$ cat run.cif   # mmCIF, C-alpha atoms
data_query
#
loop_
_atom_site.group_PDB
_atom_site.id
_atom_site.type_symbol
_atom_site.label_atom_id
_atom_site.label_comp_id
_atom_site.auth_asym_id
_atom_site.auth_seq_id
_atom_site.Cartn_x
_atom_site.Cartn_y
_atom_site.Cartn_z
ATOM 1 C CA MET A 1 -1.091 14.608 8.351
ATOM 2 C CA LYS A 2 -0.350 13.553 4.756
ATOM 3 C CA GLU A 3 -3.423 15.283 3.341
ATOM 4 C CA THR A 4 -2.629 18.480 5.199
ATOM 5 C CA LEU A 5 0.954 18.486 3.904
ATOM 6 C CA ALA A 6 -0.170 17.689 0.372
ATOM 7 C CA THR A 7 -2.761 20.444 0.444
ATOM 8 C CA ALA A 8 -0.182 22.897 1.787
ATOM 9 C CA ALA A 9 2.297 21.861 -0.891
ATOM 10 C CA ALA A 10 -0.338 22.415 -3.578
ATOM 11 C CA ARG A 11 -0.265 26.151 -2.815
ATOM 12 C CA ASN A 12 3.173 26.272 -4.473
ATOM 13 C CA LEU A 13 1.861 24.908 -7.758
ATOM 14 C CA SER A 14 1.164 26.935 -10.868
ATOM 15 C CA ASP A 15 -2.372 28.021 -11.720
ATOM 16 C CA GLU A 16 -2.450 25.354 -14.426
ATOM 17 C CA ASP A 17 -1.417 22.644 -11.951
ATOM 18 C CA ARG A 18 -3.990 23.858 -9.428
ATOM 19 C CA ASP A 19 -6.669 23.714 -12.103
ATOM 20 C CA MET A 20 -5.632 20.142 -12.933
ATOM 21 C CA LEU A 21 -5.890 19.205 -9.238
ATOM 22 C CA ARG A 22 -9.307 20.873 -9.004
ATOM 23 C CA ARG A 23 -10.533 18.842 -11.990
ATOM 24 C CA LEU A 24 -9.003 15.693 -10.506
ATOM 25 C CA ALA A 25 -10.777 16.348 -7.207
ATOM 26 C CA LEU A 26 -14.087 16.805 -9.031
ATOM 27 C CA ALA A 27 -13.562 13.607 -11.004
ATOM 28 C CA THR A 28 -12.530 11.457 -8.043
ATOM 29 C CA GLY A 29 -14.577 13.040 -5.282
ATOM 30 C CA GLU A 30 -11.387 13.344 -3.224
ATOM 31 C CA ASP A 31 -9.022 16.114 -2.259
ATOM 32 C CA GLY A 32 -7.027 16.937 -5.414
ATOM 33 C CA PRO A 33 -3.476 16.579 -4.043
ATOM 34 C CA ARG A 34 -4.383 13.367 -2.234
ATOM 35 C CA ALA A 35 -5.945 11.960 -5.383
ATOM 36 C CA ALA A 36 -2.881 12.966 -7.370
ATOM 37 C CA LEU A 37 -0.541 11.252 -4.927
ATOM 38 C CA ASP A 38 -2.252 7.911 -4.477
ATOM 39 C CA MET A 39 -6.041 8.307 -4.751
ATOM 40 C CA GLY A 40 -6.340 6.266 -1.557
ATOM 41 C CA LEU A 41 -5.331 3.159 -3.461
ATOM 42 C CA ARG A 42 -2.425 2.246 -1.236
ATOM 43 C CA ASP A 43 -4.527 2.396 1.899
ATOM 44 C CA ARG A 44 -7.212 0.189 0.367
ATOM 45 C CA LEU A 45 -4.596 -2.178 -1.025
ATOM 46 C CA CYS A 46 -2.940 -2.461 2.392
ATOM 47 C CA ALA A 47 -6.296 -3.187 4.018
ATOM 48 C CA GLU A 48 -7.049 -5.918 1.476
ATOM 49 C CA MET A 49 -3.581 -7.430 1.877
ATOM 50 C CA ALA A 50 -4.050 -7.452 5.651
ATOM 51 C CA GLU A 51 -7.414 -9.192 5.208
ATOM 52 C CA MET A 52 -5.829 -11.743 2.876
ATOM 53 C CA ALA A 53 -2.968 -12.329 5.316
ATOM 54 C CA ASP A 54 -5.464 -12.842 8.129
ATOM 55 C CA ALA A 55 -7.413 -15.333 6.011
ATOM 56 C CA VAL A 56 -4.210 -17.233 5.172
ATOM 57 C CA ARG A 57 -3.245 -17.317 8.873
ATOM 58 C CA SER A 58 -6.704 -18.640 9.731
ATOM 59 C CA LEU A 59 -6.447 -21.298 7.045
ATOM 60 C CA LEU A 60 -2.996 -22.375 8.210
ATOM 61 C CA ALA A 61 -4.195 -22.521 11.828
ATOM 62 C CA LEU A 62 -7.179 -24.624 10.752
ATOM 63 C CA LEU A 63 -4.941 -27.012 8.810
ATOM 64 C CA ASP A 64 -2.553 -27.247 11.755
ATOM 65 C CA ARG A 65 -5.353 -27.779 14.284
ATOM 66 C CA HIS A 66 -6.624 -30.747 12.286
ATOM 67 C CA ASP A 67 -3.128 -32.026 11.498
ATOM 68 C CA ALA A 68 -3.859 -31.744 7.789
ATOM 69 C CA VAL A 69 -0.198 -31.850 6.766
ATOM 70 C CA ALA A 70 0.273 -35.239 8.410
ATOM 71 C CA ALA A 71 -2.734 -36.492 6.471
ATOM 72 C CA LEU A 72 -1.172 -35.515 3.144
ATOM 73 C CA PRO A 73 0.293 -38.355 1.116
ATOM 74 C CA GLU A 74 4.066 -38.284 0.758
ATOM 75 C CA ARG A 75 3.798 -37.287 -2.903
ATOM 76 C CA ALA A 76 1.797 -34.139 -1.965
ATOM 77 C CA LEU A 77 4.402 -32.766 0.450
ATOM 78 C CA PRO A 78 6.538 -31.050 -2.238
ATOM 79 C CA ALA A 79 3.434 -29.276 -3.573
ATOM 80 C CA TYR A 80 2.480 -28.222 -0.037
ATOM 81 C CA GLN A 81 6.006 -26.917 0.557
ATOM 82 C CA ASP A 82 5.839 -25.019 -2.748
ATOM 83 C CA VAL A 83 2.571 -23.350 -1.730
ATOM 84 C CA MET A 84 4.031 -22.379 1.647
ATOM 85 C CA GLU A 85 7.101 -20.866 -0.035
ATOM 86 C CA ARG A 86 4.870 -18.933 -2.453
ATOM 87 C CA ILE A 87 2.839 -17.534 0.454
ATOM 88 C CA GLY A 88 6.015 -16.440 2.258
ATOM 89 C CA SER A 89 7.561 -14.906 -0.866
ATOM 90 C CA ALA A 90 4.366 -13.047 -1.750
ATOM 91 C CA ALA A 91 4.153 -11.657 1.782
ATOM 92 C CA MET A 92 7.733 -10.367 1.573
ATOM 93 C CA ARG A 93 7.128 -8.786 -1.855
ATOM 94 C CA ALA A 94 3.894 -7.178 -0.661
ATOM 95 C CA THR A 95 5.688 -5.671 2.330
ATOM 96 C CA ASP A 96 8.371 -4.292 0.008
ATOM 97 C CA LEU A 97 5.753 -2.778 -2.314
ATOM 98 C CA VAL A 98 3.969 -1.063 0.568
ATOM 99 C CA ASP A 99 7.293 0.362 1.788
ATOM 100 C CA ARG A 100 8.164 1.588 -1.713
ATOM 101 C CA SER A 101 4.732 3.163 -2.071
ATOM 102 C CA ARG A 102 5.130 5.037 1.210
ATOM 103 C CA THR A 103 8.581 6.226 0.125
ATOM 104 C CA LEU A 104 7.142 7.447 -3.167
ATOM 105 C CA ASP A 105 4.430 9.374 -1.322
ATOM 106 C CA ARG A 106 7.026 10.957 0.965
ATOM 107 C CA ASP A 107 9.311 11.868 -1.926
ATOM 108 C CA THR A 108 6.396 13.363 -3.858
ATOM 109 C CA LEU A 109 5.389 15.481 -0.873
ATOM 110 C CA LEU A 110 8.973 16.655 -0.482
ATOM 111 C CA ALA A 111 9.131 17.620 -4.149
ATOM 112 C CA LEU A 112 5.907 19.623 -3.868
ATOM 113 C CA ALA A 113 6.676 21.239 -0.516
ATOM 114 C CA PRO A 114 8.214 24.692 -0.186
ATOM 115 C CA ALA A 115 11.960 24.595 0.474
ATOM 116 C CA GLU A 116 11.621 25.822 4.080
ATOM 117 C CA ALA A 117 9.252 22.953 4.933
ATOM 118 C CA ARG A 118 11.362 20.168 3.425
ATOM 119 C CA THR A 119 13.591 19.634 6.446
ATOM 120 C CA THR A 120 10.509 19.174 8.644
ATOM 121 C CA LEU A 121 9.005 16.627 6.262
ATOM 122 C CA GLN A 122 12.114 14.467 6.046
#

$ encode --input "run.cif" --output "structure tokens"
Amino acid sequence: MKETLATAAARNLSDEDRDMLRRLALATGEDGPRAALDMGLRDRLCAEMAEMADAVRSLLALLDRHDAVAALPERALPAYQDVMERIGSAAMRATDLVDRSRTLDRDTLLALAPAEARTTLQ
């Protein structure tokens, strides 16, 4: 849906802007408006973050299954807690960044869309 809307919005651009999108499409091998909006980076980034999250979950399950935390010496527990807090904080920040990226894409599409289509896009 996003590519279709972006392509439709591109019809409202000036000839110069269309030419820039055409050159961008040639350079990236992607649809010009899509490349201009995010070049597919967000989708790939989200996929990699999901893979990383899955790997972290697997690691934590493995540590839990083998009671690794109980095997840690008392002096290592603060470091373990710090790592766990960093993982949680990073996950929250990553979620926020993905949400902000999606909002930016939506706002960009709204800015490019013809006025009569804007209410449908919101």

$ atom_distance --input "run.cif" --atom1 "CA of Ala70 (chain A)" --atom2 "CA of Ala50 (chain A)"
28.3 Å

$ residues_around --input "run.cif" --residues "region 87-99 of chain A" --least-positions-apart "6" --cutoff "9 Å" --atoms "all atoms listed in the file" --output "PyMOL selection string"
chain A and resi 42+45-46+49+53+56

$ atom_distance --input "run.cif" --atom1 "CA of Glu48 (chain A)" --atom2 "CA of Asp67 (chain A)"
28.2 Å

$ residues_around --input "run.cif" --residues "Tyr80 (chain A)" --least-positions-apart "4" --cutoff "12 Å" --atoms "all atoms listed in the file" --output "list in words"
Leu60, Leu63, Ala68, Val69, Ala70, Ala71, Leu72, Pro73, Glu74, Arg75, Ala76, Met84, Glu85, Arg86 and Ile87 of chain A

$ axis_aligned_box --input "run.cif" --around "region 14-28 of chain A" --padding-each-side "6 Å" --output "AutoDock Vina command-line options"
--center_x -6.5 --center_y 19.7 --center_z -10.8 --size_x 27.3 --size_y 28.6 --size_z 19.2
